[in-house]
Each structure stands twice: as structure tokens, then as C-alpha cells.
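*Asks:* What follows is upload-v6.cif, mmCIF, C-alpha atoms.
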data_start
#
loop_
_atom_site.label_atom_id
_atom_site.label_comp_id
_atom_site.auth_asym_id
_atom_site.auth_seq_id
_atom_site.Cartn_x
_atom_site.Cartn_y
_atom_site.Cartn_z
CA MET A 15 105.16 -39.10 -117.72
CA LYS A 16 102.66 -41.73 -118.70
CA LYS A 17 99.67 -40.46 -120.53
CA ASP A 18 97.04 -43.20 -120.35
CA ASN A 19 93.34 -42.38 -120.68
CA ASN A 20 94.19 -38.76 -120.12
CA ILE A 21 95.47 -39.59 -116.63
CA THR A 22 99.01 -38.43 -116.10
CA THR A 23 101.21 -40.22 -113.58
CA LEU A 24 104.82 -39.38 -112.86
CA VAL A 25 107.47 -41.96 -113.67
CA SER A 26 109.43 -43.06 -110.63
CA GLU A 27 113.17 -43.46 -110.24
CA ASP A 28 112.68 -47.22 -109.81
CA GLU A 29 111.09 -47.42 -113.22
CA ILE A 30 114.08 -45.65 -114.70
CA TRP A 31 116.49 -48.09 -113.06
CA ALA A 32 114.41 -50.96 -114.42
CA ALA A 33 114.58 -49.46 -117.92
CA LEU A 34 118.34 -49.03 -117.60
CA GLU A 35 118.67 -52.77 -116.91
CA LYS A 36 117.73 -53.26 -120.56
CA VAL A 37 120.61 -51.17 -121.89
CA GLN A 38 123.66 -53.28 -122.58
CA ASP A 39 127.31 -52.44 -122.97
CA PRO A 40 127.92 -53.14 -126.70
CA GLU A 41 131.40 -54.52 -125.90
CA ILE A 42 130.16 -56.79 -123.08
CA PRO A 43 126.71 -57.91 -124.26
CA VAL A 44 125.88 -59.88 -121.08
CA LEU A 45 126.05 -56.88 -118.76
CA SER A 46 123.66 -53.97 -118.52
CA VAL A 47 124.84 -50.46 -117.76
CA VAL A 48 123.42 -51.02 -114.25
CA ASP A 49 125.40 -54.28 -113.78
CA MET A 50 128.52 -52.41 -114.86
CA GLY A 51 127.94 -49.75 -112.21
CA ILE A 52 128.45 -46.93 -114.70
CA ILE A 53 125.19 -45.12 -113.94
CA THR A 54 126.21 -42.73 -111.20
CA ARG A 55 123.09 -40.58 -110.82
CA VAL A 56 119.42 -40.62 -111.75
CA GLU A 57 117.62 -37.34 -111.14
CA LEU A 58 114.10 -36.16 -111.68
CA PRO A 59 114.31 -32.41 -111.43
CA SER A 60 111.02 -30.78 -110.51
CA SER A 61 109.63 -29.70 -113.81
CA ASP A 62 106.85 -27.66 -115.29
CA ILE A 63 103.39 -29.14 -115.42
CA GLY A 64 103.10 -31.29 -118.49
CA HIS A 65 106.85 -31.51 -119.00
CA GLN A 66 108.80 -34.17 -117.12
CA THR A 67 112.55 -34.40 -117.44
CA ALA A 68 114.98 -37.15 -116.45
CA VAL A 69 118.70 -36.56 -116.02
CA ILE A 70 120.93 -39.63 -116.13
CA THR A 71 124.62 -39.36 -115.36
CA MET A 72 127.11 -42.00 -116.44
CA THR A 73 130.84 -42.45 -116.07
CA PRO A 74 132.97 -44.37 -118.58
CA THR A 75 134.91 -47.48 -117.55
CA PHE A 76 137.90 -46.13 -119.45
CA VAL A 77 138.38 -42.47 -120.37
CA GLY A 78 138.81 -43.35 -124.05
CA CYS A 79 135.97 -45.90 -124.12
CA PRO A 80 134.55 -45.65 -127.65
CA ALA A 81 131.27 -47.29 -126.56
CA ILE A 82 130.21 -44.42 -124.30
CA GLU A 83 128.49 -42.40 -127.05
CA VAL A 84 126.51 -45.46 -128.18
CA MET A 85 125.53 -46.21 -124.57
CA LYS A 86 124.47 -42.60 -123.96
CA LYS A 87 122.16 -42.81 -126.93
CA SER A 88 120.76 -46.21 -125.87
CA VAL A 89 120.16 -44.91 -122.34
CA HIS A 90 118.41 -41.86 -123.76
CA ASP A 91 116.17 -43.91 -126.05
CA GLU A 92 115.25 -46.50 -123.41
CA VAL A 93 114.37 -43.93 -120.74
CA LYS A 94 112.47 -41.80 -123.26
CA LYS A 95 110.18 -44.79 -123.87
CA LEU A 96 108.85 -44.35 -120.32
CA GLY A 97 107.13 -41.23 -121.55
CA PHE A 98 109.47 -38.43 -120.54
CA ASP A 99 109.29 -35.22 -122.50
CA GLU A 100 113.01 -34.73 -122.15
CA VAL A 101 115.88 -37.06 -121.22
CA ILE A 102 119.33 -35.62 -120.63
CA VAL A 103 122.22 -38.08 -120.51
CA LYS A 104 125.59 -36.84 -119.29
CA ALA A 105 128.95 -38.54 -118.90
CA ASP A 106 131.43 -37.11 -116.43
CA PHE A 107 134.15 -38.01 -113.95
CA ASP A 108 132.52 -36.65 -110.77
CA VAL A 109 132.42 -40.27 -109.66
CA GLN A 110 135.33 -42.26 -111.09
CA TRP A 111 134.55 -45.79 -112.15
CA ASN A 112 136.56 -48.68 -110.75
CA SER A 113 136.00 -52.38 -111.26
CA ASP A 114 134.66 -52.82 -107.71
CA MET A 115 131.63 -50.80 -108.80
CA MET A 116 130.21 -53.74 -110.76
CA LYS A 117 126.94 -54.86 -109.19
CA PRO A 118 126.57 -58.20 -107.35
CA GLY A 119 125.99 -60.92 -109.90
CA ALA A 120 127.83 -59.10 -112.68
CA LYS A 121 131.02 -61.08 -112.14
CA GLU A 122 129.19 -64.41 -112.40
CA LYS A 123 127.60 -63.26 -115.66
CA LEU A 124 131.01 -62.31 -117.00
CA GLU A 125 132.54 -65.67 -116.13
CA LYS A 126 129.66 -67.53 -117.73
CA PHE A 127 130.17 -65.42 -120.85
CA GLY A 128 133.81 -66.65 -120.95
CA LEU A 129 135.40 -63.47 -119.66
CA ALA A 130 137.26 -63.78 -116.37
CA PRO A 131 135.92 -61.12 -113.97
CA PRO A 132 138.17 -58.58 -112.27
CA PRO A 133 139.29 -59.48 -108.74
CA SER A 134 138.05 -57.22 -105.98
CA LEU A 135 140.43 -54.38 -105.15
CA ASP A 136 138.69 -53.66 -101.84
CA GLY A 137 138.90 -49.98 -102.56
CA GLY A 138 142.69 -50.11 -102.77
CA GLU A 139 145.19 -49.70 -105.57
CA LEU A 140 145.92 -52.36 -108.16
CA THR A 141 148.82 -54.66 -107.27
CA ALA A 142 150.83 -57.13 -109.34
CA GLU A 143 149.51 -59.96 -107.13
CA GLN A 144 145.96 -59.29 -108.22
CA LEU A 145 147.04 -59.88 -111.80
CA ASP A 146 148.56 -63.21 -110.79
CA LYS A 147 145.68 -65.28 -109.53
CA VAL A 148 142.89 -65.22 -112.04
CA ARG A 149 140.55 -68.16 -112.54
CA CYS A 150 140.15 -69.59 -116.04
CA PRO A 151 136.49 -69.13 -117.06
CA HIS A 152 136.60 -72.44 -118.99
CA CYS A 153 138.11 -74.98 -116.54
CA HIS A 154 138.24 -72.84 -113.35
CA SER A 155 141.93 -73.52 -112.74
CA THR A 156 143.89 -70.66 -111.19
CA ASP A 157 147.08 -71.86 -112.88
CA THR A 158 146.95 -69.00 -115.37
CA THR A 159 149.23 -66.20 -116.47
CA LEU A 160 148.92 -62.71 -117.88
CA ARG A 161 149.96 -62.69 -121.55
CA SER A 162 149.16 -59.07 -122.22
CA ALA A 163 147.50 -56.36 -120.16
CA PHE A 164 146.04 -55.10 -123.44
CA GLY A 165 143.47 -56.99 -125.46
CA SER A 166 140.69 -56.63 -127.97
CA THR A 167 139.05 -53.74 -126.12
CA LEU A 168 140.42 -51.25 -123.59
CA CYS A 169 138.80 -53.12 -120.72
CA ARG A 170 140.20 -56.57 -121.55
CA ALA A 171 143.50 -58.34 -120.90
CA ILE A 172 144.74 -61.54 -122.54
CA ARG A 173 145.59 -64.52 -120.32
CA PHE A 174 146.59 -68.15 -120.79
CA CYS A 175 145.50 -71.18 -118.77
CA PHE A 176 148.18 -73.83 -118.18
CA ASN A 177 145.58 -76.41 -117.16
CA CYS A 178 143.28 -76.41 -120.19
CA LYS A 179 145.97 -74.88 -122.44
CA GLN A 180 143.67 -72.22 -123.76
CA GLY A 181 143.91 -68.50 -124.04
CA PHE A 182 141.13 -66.46 -122.46
CA GLU A 183 140.22 -62.86 -121.86
CA GLN A 184 139.79 -61.05 -118.58
CA PHE A 185 137.89 -57.89 -117.71
CA LYS A 186 140.77 -55.88 -116.26
CA PRO A 187 140.73 -54.75 -112.67
CA ILE A 188 141.02 -50.98 -112.62
CA SER A 189 141.47 -48.81 -109.55
CA MET B 1 144.36 -17.96 -112.81
CA SER B 2 142.56 -19.42 -115.82
CA ASN B 3 145.54 -18.73 -118.10
CA ALA B 4 147.72 -20.80 -115.80
CA VAL B 5 145.26 -23.72 -115.84
CA LYS B 6 144.89 -23.43 -119.61
CA GLU B 7 148.64 -23.62 -120.09
CA LEU B 8 148.81 -26.77 -117.98
CA LEU B 9 145.86 -28.43 -119.72
CA TYR B 10 147.05 -27.60 -123.23
CA LYS B 11 150.49 -29.11 -122.79
CA MET B 12 149.07 -32.24 -121.14
CA ALA B 13 146.40 -32.68 -123.81
CA ASP B 14 148.82 -32.03 -126.67
CA ASP B 15 151.35 -34.52 -125.24
CA ALA B 16 148.60 -37.15 -124.98
CA LEU B 17 147.27 -36.54 -128.49
CA ILE B 18 150.69 -36.59 -130.15
CA ILE B 19 152.03 -39.65 -128.29
CA GLY B 20 148.67 -41.29 -128.95
CA HIS B 21 149.11 -40.70 -132.66
CA ARG B 22 152.68 -42.02 -132.56
CA ASN B 23 151.57 -45.12 -130.60
CA SER B 24 148.91 -45.78 -133.21
CA GLU B 25 151.63 -45.99 -135.85
CA TRP B 26 152.57 -49.37 -134.36
CA THR B 27 149.14 -50.74 -135.28
CA GLY B 28 149.68 -53.54 -137.74
CA ILE B 29 153.50 -53.54 -137.52
CA GLY B 30 154.21 -54.37 -133.87
CA PRO B 31 157.05 -56.86 -133.33
CA MET B 32 154.51 -59.40 -132.08
CA LEU B 33 150.74 -59.51 -131.85
CA GLU B 34 150.56 -58.63 -128.14
CA GLU B 35 152.76 -55.59 -128.67
CA ASP B 36 150.71 -54.49 -131.64
CA LEU B 37 147.65 -54.64 -129.38
CA ALA B 38 149.44 -52.94 -126.48
CA PHE B 39 150.58 -49.90 -128.45
CA SER B 40 147.21 -49.68 -130.20
CA SER B 41 145.34 -49.85 -126.87
CA MET B 42 147.63 -47.28 -125.29
CA ALA B 43 147.04 -45.05 -128.32
CA GLN B 44 143.31 -45.30 -127.70
CA ASP B 45 143.79 -44.50 -124.00
CA LYS B 46 146.02 -41.49 -124.73
CA ILE B 47 143.68 -40.04 -127.32
CA GLY B 48 140.86 -40.53 -124.80
CA HIS B 49 142.90 -38.59 -122.22
CA ALA B 50 143.50 -35.82 -124.77
CA ILE B 51 139.78 -35.55 -125.56
CA ALA B 52 138.93 -35.42 -121.84
CA LEU B 53 141.46 -32.62 -121.27
CA TYR B 54 140.32 -30.66 -124.35
CA THR B 55 136.75 -31.10 -123.08
CA ILE B 56 137.66 -29.40 -119.79
CA LEU B 57 139.29 -26.59 -121.78
CA HIS B 58 136.11 -26.25 -123.81
CA GLU B 59 133.40 -26.72 -121.19
CA VAL B 60 135.03 -25.13 -118.16
CA LEU B 61 137.45 -22.62 -119.63
CA GLY B 62 135.65 -21.51 -122.78
CA GLU B 63 138.16 -22.70 -125.36
CA ALA B 64 137.10 -24.17 -128.72
CA ASP B 65 135.58 -27.65 -128.96
CA PRO B 66 137.83 -30.74 -128.77
CA ASP B 67 137.80 -31.45 -132.53
CA THR B 68 138.86 -27.90 -133.30
CA LEU B 69 141.64 -28.03 -130.71
CA GLY B 70 142.86 -31.41 -131.94
CA PHE B 71 142.59 -30.96 -135.68
CA LYS B 72 142.44 -27.30 -136.57
CA ARG B 73 145.42 -25.71 -134.86
CA THR B 74 148.78 -24.92 -136.42
CA GLU B 75 152.11 -26.41 -135.41
CA ASN B 76 153.10 -23.45 -133.21
CA GLU B 77 149.85 -23.63 -131.28
CA PHE B 78 150.74 -27.13 -130.05
CA LYS B 79 152.48 -27.15 -126.67
CA SER B 80 153.61 -30.78 -126.70
CA CYS B 81 157.20 -31.63 -125.78
CA HIS B 82 159.75 -32.76 -128.37
CA LEU B 83 159.88 -36.28 -126.95
CA VAL B 84 156.37 -37.21 -128.07
CA GLU B 85 156.68 -35.91 -131.63
CA GLN B 86 159.72 -38.03 -132.53
CA PRO B 87 158.98 -40.75 -135.11
CA ILE B 88 158.48 -44.23 -133.65
CA GLY B 89 161.88 -45.34 -134.90
CA GLU B 90 162.61 -48.90 -133.93
CA TYR B 91 161.03 -50.78 -131.07
CA ASP B 92 163.94 -50.01 -128.69
CA PHE B 93 163.38 -46.26 -129.00
CA SER B 94 159.58 -46.50 -128.76
CA THR B 95 159.86 -48.68 -125.64
CA ILE B 96 162.32 -46.40 -123.86
CA ARG B 97 160.26 -43.33 -124.79
CA HIS B 98 157.15 -45.07 -123.50
CA PHE B 99 158.93 -45.87 -120.21
CA LEU B 100 160.30 -42.35 -119.65
CA PHE B 101 157.10 -40.60 -120.72
CA ASP B 102 154.61 -42.78 -118.86
CA HIS B 103 156.48 -42.68 -115.56
CA ALA B 104 156.26 -38.89 -115.82
CA GLU B 105 152.56 -39.16 -116.71
CA LEU B 106 151.78 -41.39 -113.74
CA LEU B 107 153.54 -39.05 -111.30
CA ARG B 108 151.88 -36.02 -112.89
CA TYR B 109 148.38 -37.51 -112.64
CA GLU B 110 148.97 -38.88 -109.14
CA SER B 111 149.91 -35.40 -107.98
CA LEU B 112 146.96 -33.86 -109.82
CA THR B 113 144.49 -35.98 -107.86
CA GLN B 114 145.16 -33.36 -105.14
CA SER B 115 144.70 -30.38 -107.45
CA SER B 116 142.55 -27.50 -106.25
CA PHE B 117 141.14 -27.34 -109.80
CA GLN B 118 138.37 -29.90 -109.32
CA PRO B 119 137.64 -30.93 -112.95
CA LEU B 120 141.29 -31.88 -113.35
CA ALA B 121 141.52 -33.59 -109.94
CA GLN B 122 138.50 -35.76 -110.81
CA LEU B 123 139.87 -36.70 -114.20
CA ALA B 124 143.29 -37.44 -112.70
CA LYS B 125 141.77 -39.93 -110.25
CA LYS B 126 140.43 -41.84 -113.24
CA VAL B 127 143.41 -41.51 -115.56
CA LYS B 128 146.02 -42.65 -113.07
CA GLY B 129 144.48 -46.13 -112.92
CA GLU B 130 144.87 -46.46 -116.68
CA ILE B 131 148.40 -45.08 -116.82
CA LYS B 132 149.36 -47.64 -114.22
CA TYR B 133 148.84 -50.32 -116.87
CA HIS B 134 150.99 -48.36 -119.30
CA VAL B 135 153.78 -48.12 -116.75
CA MET B 136 153.56 -51.83 -115.90
CA HIS B 137 153.85 -52.61 -119.60
CA ALA B 138 156.85 -50.30 -120.03
CA ASP B 139 158.61 -51.71 -116.96
CA THR B 140 158.13 -55.29 -118.17
CA PHE B 141 159.63 -54.71 -121.60
CA VAL B 142 162.46 -52.37 -120.61
CA LYS B 143 163.46 -54.89 -117.94
CA GLN B 144 163.28 -57.90 -120.26
CA LEU B 145 165.11 -56.28 -123.15
CA SER B 146 167.78 -54.80 -120.90
CA ASN B 147 168.42 -58.28 -119.56
CA GLY B 148 168.11 -60.11 -122.87
CA ASN B 149 171.21 -60.73 -124.92
CA GLU B 150 174.18 -58.55 -125.66
CA GLU B 151 172.51 -56.92 -128.62
CA SER B 152 169.23 -56.14 -126.85
CA LYS B 153 171.06 -54.69 -123.86
CA ALA B 154 173.29 -52.53 -126.07
CA ARG B 155 170.29 -51.31 -128.01
CA MET B 156 168.36 -50.36 -124.88
CA GLN B 157 171.36 -48.45 -123.54
CA GLN B 158 171.81 -46.67 -126.87
CA ALA B 159 168.09 -45.84 -126.99
CA LEU B 160 168.26 -44.47 -123.44
CA ASN B 161 171.30 -42.34 -124.34
CA ASN B 162 169.48 -40.95 -127.38
CA THR B 163 166.25 -40.27 -125.50
CA TRP B 164 167.41 -38.88 -122.16
CA HIS B 165 167.64 -35.20 -123.09
CA LEU B 166 164.42 -35.40 -125.06
CA ALA B 167 162.67 -36.79 -121.99
CA LEU B 168 164.01 -34.01 -119.77
CA GLY B 169 162.18 -31.61 -122.09
CA ILE B 170 158.91 -32.90 -120.62
CA PHE B 171 159.65 -30.75 -117.59
CA GLU B 172 160.34 -27.47 -119.39
CA PRO B 173 158.81 -24.91 -117.02
CA GLY B 174 155.95 -22.80 -118.27
CA GLU B 175 155.13 -19.16 -117.76
CA TYR B 176 152.80 -19.76 -114.82
CA GLU B 177 154.71 -22.16 -112.54
CA VAL B 178 154.45 -19.90 -109.47
CA GLU B 179 150.76 -19.30 -109.95
CA LEU B 180 150.09 -23.01 -110.40
CA THR B 181 152.03 -24.06 -107.31
CA SER B 182 150.93 -21.25 -105.01
CA ASN B 183 147.28 -21.97 -105.80
CA ASN B 184 147.76 -25.72 -105.31
CA ILE B 185 146.71 -26.45 -108.86
CA PHE B 186 149.87 -28.38 -109.70
CA ILE B 187 153.14 -29.27 -107.93
CA GLY B 188 155.11 -27.64 -110.76
CA GLU B 189 157.57 -29.03 -113.29
CA VAL B 190 160.62 -28.70 -111.04
CA GLU B 191 159.08 -30.90 -108.34
CA LEU B 192 157.70 -33.32 -110.93
CA LYS B 193 161.13 -33.70 -112.51
CA LYS B 194 162.63 -34.40 -109.08
CA ARG B 195 160.05 -37.13 -108.37
CA TRP B 196 160.58 -38.60 -111.85
CA LEU B 197 164.36 -38.78 -111.44
CA GLU B 198 163.89 -40.46 -108.05
CA LYS B 199 161.62 -43.00 -109.70
CA VAL B 200 163.30 -43.84 -113.01
CA THR B 201 166.93 -43.67 -111.91
CA PRO B 202 166.91 -46.66 -109.52
CA LEU B 203 164.60 -48.62 -111.81
CA LEU B 204 166.80 -48.24 -114.89
CA GLU B 205 169.88 -49.02 -112.80
CA SER B 206 168.22 -52.15 -111.47
CA TYR B 207 167.74 -53.25 -115.09
CA GLY B 208 171.51 -52.84 -115.61
CA LEU B 209 171.32 -49.62 -117.62
CA THR B 210 173.49 -46.57 -117.04
CA ILE B 211 171.83 -43.19 -116.67
CA PRO B 212 173.38 -40.75 -119.18
CA ALA B 213 175.05 -37.64 -117.75
CA THR B 214 172.75 -34.66 -118.05
CA ASP B 215 174.03 -31.74 -120.09
CA GLU B 216 171.67 -28.84 -119.37
CA THR B 217 172.40 -27.29 -122.76
CA LYS B 218 171.14 -30.39 -124.55
CA ILE B 219 167.71 -30.61 -122.90
CA ALA B 220 165.04 -30.57 -125.61
CA ASN B 221 163.19 -27.43 -124.52
CA GLY B 222 160.97 -25.28 -126.70
CA GLY B 223 157.93 -27.48 -127.20
CA ARG B 224 156.00 -25.86 -124.35
CA LYS B 225 156.46 -22.49 -126.09
CA GLY B 226 155.32 -23.80 -129.47
CA TYR B 227 158.75 -24.36 -131.04
CA HIS B 228 159.02 -27.85 -132.48
CA THR B 229 161.37 -30.21 -134.26
CA GLU B 230 160.96 -30.98 -137.95
CA TYR B 231 158.81 -34.00 -137.01
CA LEU B 232 155.64 -32.35 -135.69
CA LYS B 233 154.47 -30.70 -138.90
CA PRO B 234 154.44 -33.89 -141.02
CA LEU B 235 152.62 -35.65 -138.16
CA LEU B 236 149.94 -32.94 -138.07
CA ASP B 237 149.69 -32.98 -141.87
CA GLU B 238 148.91 -36.68 -141.74
CA MET B 239 146.69 -36.57 -138.64
CA CYS B 240 144.62 -33.66 -139.94
CA GLU B 241 144.57 -34.69 -143.60
CA VAL B 242 140.92 -35.75 -143.67
CA THR B 243 139.72 -32.74 -141.65
CA ARG B 244 141.57 -30.35 -143.94
CA THR B 245 139.96 -31.71 -147.10
CA ASP B 246 136.77 -29.99 -145.95
CA ILE B 247 137.40 -28.01 -142.81
CA ASP B 248 133.76 -27.16 -142.12
CA ALA B 249 132.28 -30.56 -142.93
CA GLU B 250 129.80 -31.94 -140.42
CA TRP B 251 130.24 -35.56 -139.46
#
When written as C-alpha cells, how does the structure in this file appear?
*Replies:*
Amino acid sequence: MKKDNNITTLVSEDEIWAALEKVQDPEIPVLSVVDMGIITRVELPSSDIGHQTAVITMTPTFVGCPAIEVMKKSVHDEVKKLGFDEVIVKADFDVQWNSDMMKPGAKEKLEKFGLAPPPSLDGGELTAEQLDKVRCPHCHSTDTTLRSAFGSTLCRAIRFCFNCKQGFEQFKPIS
Amino acid sequence: MSNAVKELLYKMADDALIIGHRNSEWTGIGPMLEEDLAFSSMAQDKIGHAIALYTILHEVLGEADPDTLGFKRTENEFKSCHLVEQPIGEYDFSTIRHFLFDHAELLRYESLTQSSFQPLAQLAKKVKGEIKYHVMHADTFVKQLSNGNEESKARMQQALNNTWHLALGIFEPGEYEVELTSNNIFIGEVELKKRWLEKVTPLLESYGLTIPATDETKIANGGRKGYHTEYLKPLLDEMCEVTRTDIDAEW
């Protein structure tokens, strides 16, 4: 609720989504929580006069993602700035995150950042082939190989490019 | 029905927490950097799965909070199987254990995506995608080492022989099998074991390994009832050491 000159206007859902664009994933600093597709619900329950509440629901990229608590707090603080009396941030598995849930444009941002984006799974299960053809974010060659499915964070894999002879990281596809 | 669900969730969560702790013991001493990272990442995944399962126990079924369940229970309250509590040993044992355990995990979670207990079905849909990476990792290394040189092959076979009856203890039936299956909560340990044997037998054979003969009397049962080997208590003593220095401390 905005309280300007004693006039109270309700905050819209769109304003919340815009605020969420400012909250970044601490492990992937070029993507917002909206780009990542981890915000699964924004609700504005009808509330008492003079008390507006926002309920934001998130879902982690990986069950054991250590960044989720930090992101919940950042989401809370950013949405609270809009003037809400109460912001409730939940994380659950009602909607299960998969790498196809990244928003359009997110993959380009990842590649520019030097992290190969996950290939589209088209709603299906992960196959070995999808781990085969990944484009190097440095030289754009697809002559690359998976060195390890586990990297510096739960969501990253380590790859090597035979063309530019450099190692690089990939945001793992996850079904 | 809630006791049946609790039994299922406790053993799954305890397995994940204990194997997660064991996996973390490879941090810093893996045979190569990628393997150090792999076991450390899998540890993080497993402990995440344990927390998610303890959270269902707490939020949906009224049990204590996840920290209490993880760090403030005694050895006999843990329902993990004997396989997961074994020390990491050498890399051959840890790799074979990882293979046998994670294939069972993948099949368990795949079946649970159909569970009538919704919180678990939803979590299972998420977890199975992660376990798939664990299984791919296990398959890669068991295959490579079983087809390496004479020594690596002999060591993988020996590790398999030593681990087989421990792994069969994963499927020790609980008290509520009928209730779980008749209410479509879980396919049951008997069916899971059947699916697991159908999965791991041809795979291990294709890697050139021989499946050990099963001696029913040697299956490592007891864990699901709270009876453990001499290895769980020292693990808990280490894992809970900080918590126990001030049990009521707030973090």
C-alpha cells in the first residue's frame, strides 16, 4: 500500500513482478528470480482495511540449494519496499522447477556471462544426447565435452571446449 | 495411516542424511578434483533431500523441526539402512555403494511421483531429476573402473561382493508395508527390490562384473528397526558434535 499525501492506493501484481526483477540469484548474478522462473505464485489476499499483504511463492532450482534462504529474504525486503504491511515468502514444491522454466532472454544473459545455458528439454526427461551438444560460451563451438556433471554450485556442470581449449561451466539442464 | 507415512519418510530422510554425511567425507580427499566436487555436490543434494523430507514430517505430520530430527536424536531413533552408515573406505567401495544406493533411490522416487500422499509426490517429481545425475555419475565410474585394468576390475568385483548384502538391506520391509501399498502411498519394498534387481543386474553384467549369489541370512537387515552397526554412533557423534556442545543454542 502506498501512502502518499494521505491517499492510499493498492499495489498491483505488476508492480510486484517489477520489484522481483531486481532480486538476483546470488550464485548467478546476471539473472533475476523472475528470469530464473523460480517465482511460482504472486498473491494479494483480500486484506483488512489499512493492512495489505503480499504472498510470494518460490520453488528452488535444486532441493538443497543453499541460496534459497538468502533469496527469500531479498524477495521479502524488495517487495516490502512497495509499502506492504506484511510480505510472506514461501518456498515449496507444488510446482517443480525445471530448466525450461527460465524466461525468454535468460539463456542469452547466461551465455554472455560465460555460463553455457541449459538446452531445452521440451518438457521431456533429460537424455545423454542433451549433455553432448553444448555450445562453448567463449568461442561458440559445439565441439565440447562434459568433464563433470558436478561443479562449483549444485546447478553447474564443468565442460571443456576442444576448439578454444578452455574449460567452461554450464547451467545444468534439469527435468 | 500417518504412522505408515512417517515410517516411510523417516527411513528415506535418515538414509539421505547419513549417505550425505558420508559423501561429504570425500571433500578435500577425492582421487581427483572432479570426483572431489562430485561427492561434495552429491552430499549437498542428499542433505537437501533429507531436510525436505524432515520438513514434510514437521509441517504436515507434526513431528519435531528438521534440525531436531537431524541432530538431536539417538542412534536407535535413526531408521537408515546399514549400507549408508559404512565408512567411505576406499574409492572402489564408495563408488559401488553409490551405484547400488542411487539406483534404488531413483526407482524409489520415480515410483513416489505417483504417491497418493501429495507432499511426497510433489517432492519426488523434483528429486528424481537430481538423482538422475547421481546415477549417471555412478554408471560412468563403475563402467570405466570395471573395464580399466586387471587391478581396477578385481577391485570393483571385490567391492561389489562386499557390498551386495549391505545393499539388499535397503529393502528391509517395514511394519506398514500393506498399509502403504493398499493406500497407494508407496509400491512397497518387495516391489522396489524387484525393480532394482531388474535394473542393476544387467547393467553390472554389461560392465563385466558378476552378481554375487544372495544368501538371505546375510542380508544387512535391522537398520529400519533402529539396530545399527558399530559405525553409526561415531558418525552421529561427529555430525552432532557442535550441536551437542550447547543443545539449546540459537543460531
*Asks:* Which residues would end up in the selection if the PyMOL selection byres ((chain B and resi 137) around 12) were applied here, given that I need the answer as JSON, numbers by chain?
*Replies:* {"A": [142, 160, 161, 162, 163, 164, 171], "B": [34, 35, 37, 38, 39, 41, 42, 95, 96, 98, 99, 102, 103, 130, 131, 132, 133, 134, 135, 136, 138, 139, 140, 141, 142, 143, 144]}
*Asks:* If you take all atoms listed in the file and a cut-off of 6 Å, which residues of chain B touch chain A, and what are their nearest atom pairs and distances in Å to one decimal, in chain and number order, as CSV?
*Replies:*
residue,atom,partner,partner_atom,distance
B:Ala38,CA,A:Phe164,CA,5.0
B:Asp45,CA,A:Gly78,CA,5.1
B:Gly48,CA,A:Gly78,CA,3.6
B:Gln122,CA,A:Phe107,CA,5.8
B:Leu123,CA,A:Phe107,CA,5.9
B:Lys126,CA,A:Gln110,CA,5.6
B:Gly129,CA,A:Ser189,CA,5.3
*Asks:* Neighbours of Lys147 in chain A within 8 Å (all atoms listed in the file; same-chain residues fewer than 6 positions away dropped), as a ChimeraX atom specification?
*Replies:* /A:156-159
*Asks:* At most 10 Å from (153.8, -18.7, -113.9), file frame, all atoms listed in the file: which residues, as number ranges by chain?
*Replies:* B: 1, 3-4, 7, 173-182, 188
*Asks:* If the PyMOL selection byres ((chain B and resi 66) around 10) is run on the structure shown, which residues does it catch, given as a list in words?
*Replies:*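 Evaluating the PyMOL selection byres ((chain B and resi 66) around 10) on this file yields Ala50, Ile51, Ala52, Leu53, Tyr54, Thr55, Ile56, Leu57, His58, Glu59, Glu63, Ala64, Asp65, Asp67, Thr68, Leu69, Gly70, Phe71 and Lys72 of chain B.
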*Asks:* Within 12 Å of Cys153 in chain A, counting all atoms listed in the file, which residues show up once you throw out same-chain ones fewer than 3 positions away? Write them as a list in words, please.
*Replies:*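 Answer for this query is Glu125, Lys126, Gly128, Ala130, Val148, Arg149, Cys150, Thr156, Asp157, Thr158, Phe174, Cys175, Phe176, Asn177, Cys178, Lys179, Gln180, Gly181 and Phe182 of chain A.
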*Asks:* Produce a file of the selected residues containing C-alpha atoms, as a PDB file, keeping the file's coordinate frame.
*Replies:*
ATOM      1  CA  GLU A 125     132.540 -65.670-116.130  1.00  0.00           C
ATOM      2  CA  LYS A 126     129.660 -67.530-117.730  1.00  0.00           C
ATOM      3  CA  GLY A 128     133.810 -66.650-120.950  1.00  0.00           C
ATOM      4  CA  ALA A 130     137.260 -63.780-116.370  1.00  0.00           C
ATOM      5  CA  VAL A 148     142.890 -65.220-112.040  1.00  0.00           C
ATOM      6  CA  ARG A 149     140.550 -68.160-112.540  1.00  0.00           C
ATOM      7  CA  CYS A 150     140.150 -69.590-116.040  1.00  0.00           C
ATOM      8  CA  THR A 156     143.890 -70.660-111.190  1.00  0.00           C
ATOM      9  CA  ASP A 157     147.080 -71.860-112.880  1.00  0.00           C
ATOM     10  CA  THR A 158     146.950 -69.000-115.370  1.00  0.00           C
ATOM     11  CA  PHE A 174     146.590 -68.150-120.790  1.00  0.00           C
ATOM     12  CA  CYS A 175     145.500 -71.180-118.770  1.00  0.00           C
ATOM     13  CA  PHE A 176     148.180 -73.830-118.180  1.00  0.00           C
ATOM     14  CA  ASN A 177     145.580 -76.410-117.160  1.00  0.00           C
ATOM     15  CA  CYS A 178     143.280 -76.410-120.190  1.00  0.00           C
ATOM     16  CA  LYS A 179     145.970 -74.880-122.440  1.00  0.00           C
ATOM     17  CA  GLN A 180     143.670 -72.220-123.760  1.00  0.00           C
ATOM     18  CA  GLY A 181     143.910 -68.500-124.040  1.00  0.00           C
ATOM     19  CA  PHE A 182     141.130 -66.460-122.460  1.00  0.00           C
TER      20      PHE A 182
END
*Asks:* Have a look at A:Leu96, A:Ala105, A:Leu58, A:Met116 and name the one nearest to Ser46 in chain A; count all atoms listed in the file.
*Replies:*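 Closest to Ser46 in chain A of all the choices is A:Met116.
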*Asks:* Once the PyMOL selection byres ((chain B and resi 192) around 9) is applied to the coordinates I shared, what remains selected? I want it as an NGL selection string.
*Replies:* :B and (104 or 107-108 or 111 or 171 or 187-191 or 193-197)
*Asks:* Those selected residues, please, written with C-alpha atoms and delivered as a compact mmCIF listing (two decimals), in the coordinates of the input.
*Replies:*
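Done, and the output landed in result05.txt:
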# COMPACT_ATOMS: atom_id res chain seq x y z
CA ALA B 104 156.26 -38.89 -115.82
CA LEU B 107 153.54 -39.05 -111.30
CA ARG B 108 151.88 -36.02 -112.89
CA SER B 111 149.91 -35.40 -107.98
CA PHE B 171 159.65 -30.75 -117.59
CA ILE B 187 153.14 -29.27 -107.93
CA GLY B 188 155.11 -27.64 -110.76
CA GLU B 189 157.57 -29.03 -113.29
CA VAL B 190 160.62 -28.70 -111.04
CA GLU B 191 159.08 -30.90 -108.34
CA LYS B 193 161.13 -33.70 -112.51
CA LYS B 194 162.63 -34.40 -109.08
CA ARG B 195 160.05 -37.13 -108.37
CA TRP B 196 160.58 -38.60 -111.85
CA LEU B 197 164.36 -38.78 -111.44
*Asks:* Do you know which residues lie at most 7 Å from (138.8, -56.7, -106.6), with coordinates as in the file and only C-alpha atoms counted, and could you write them as a PyMOL selection string?
*Replies:* chain A and resi 113-114+132-136+187
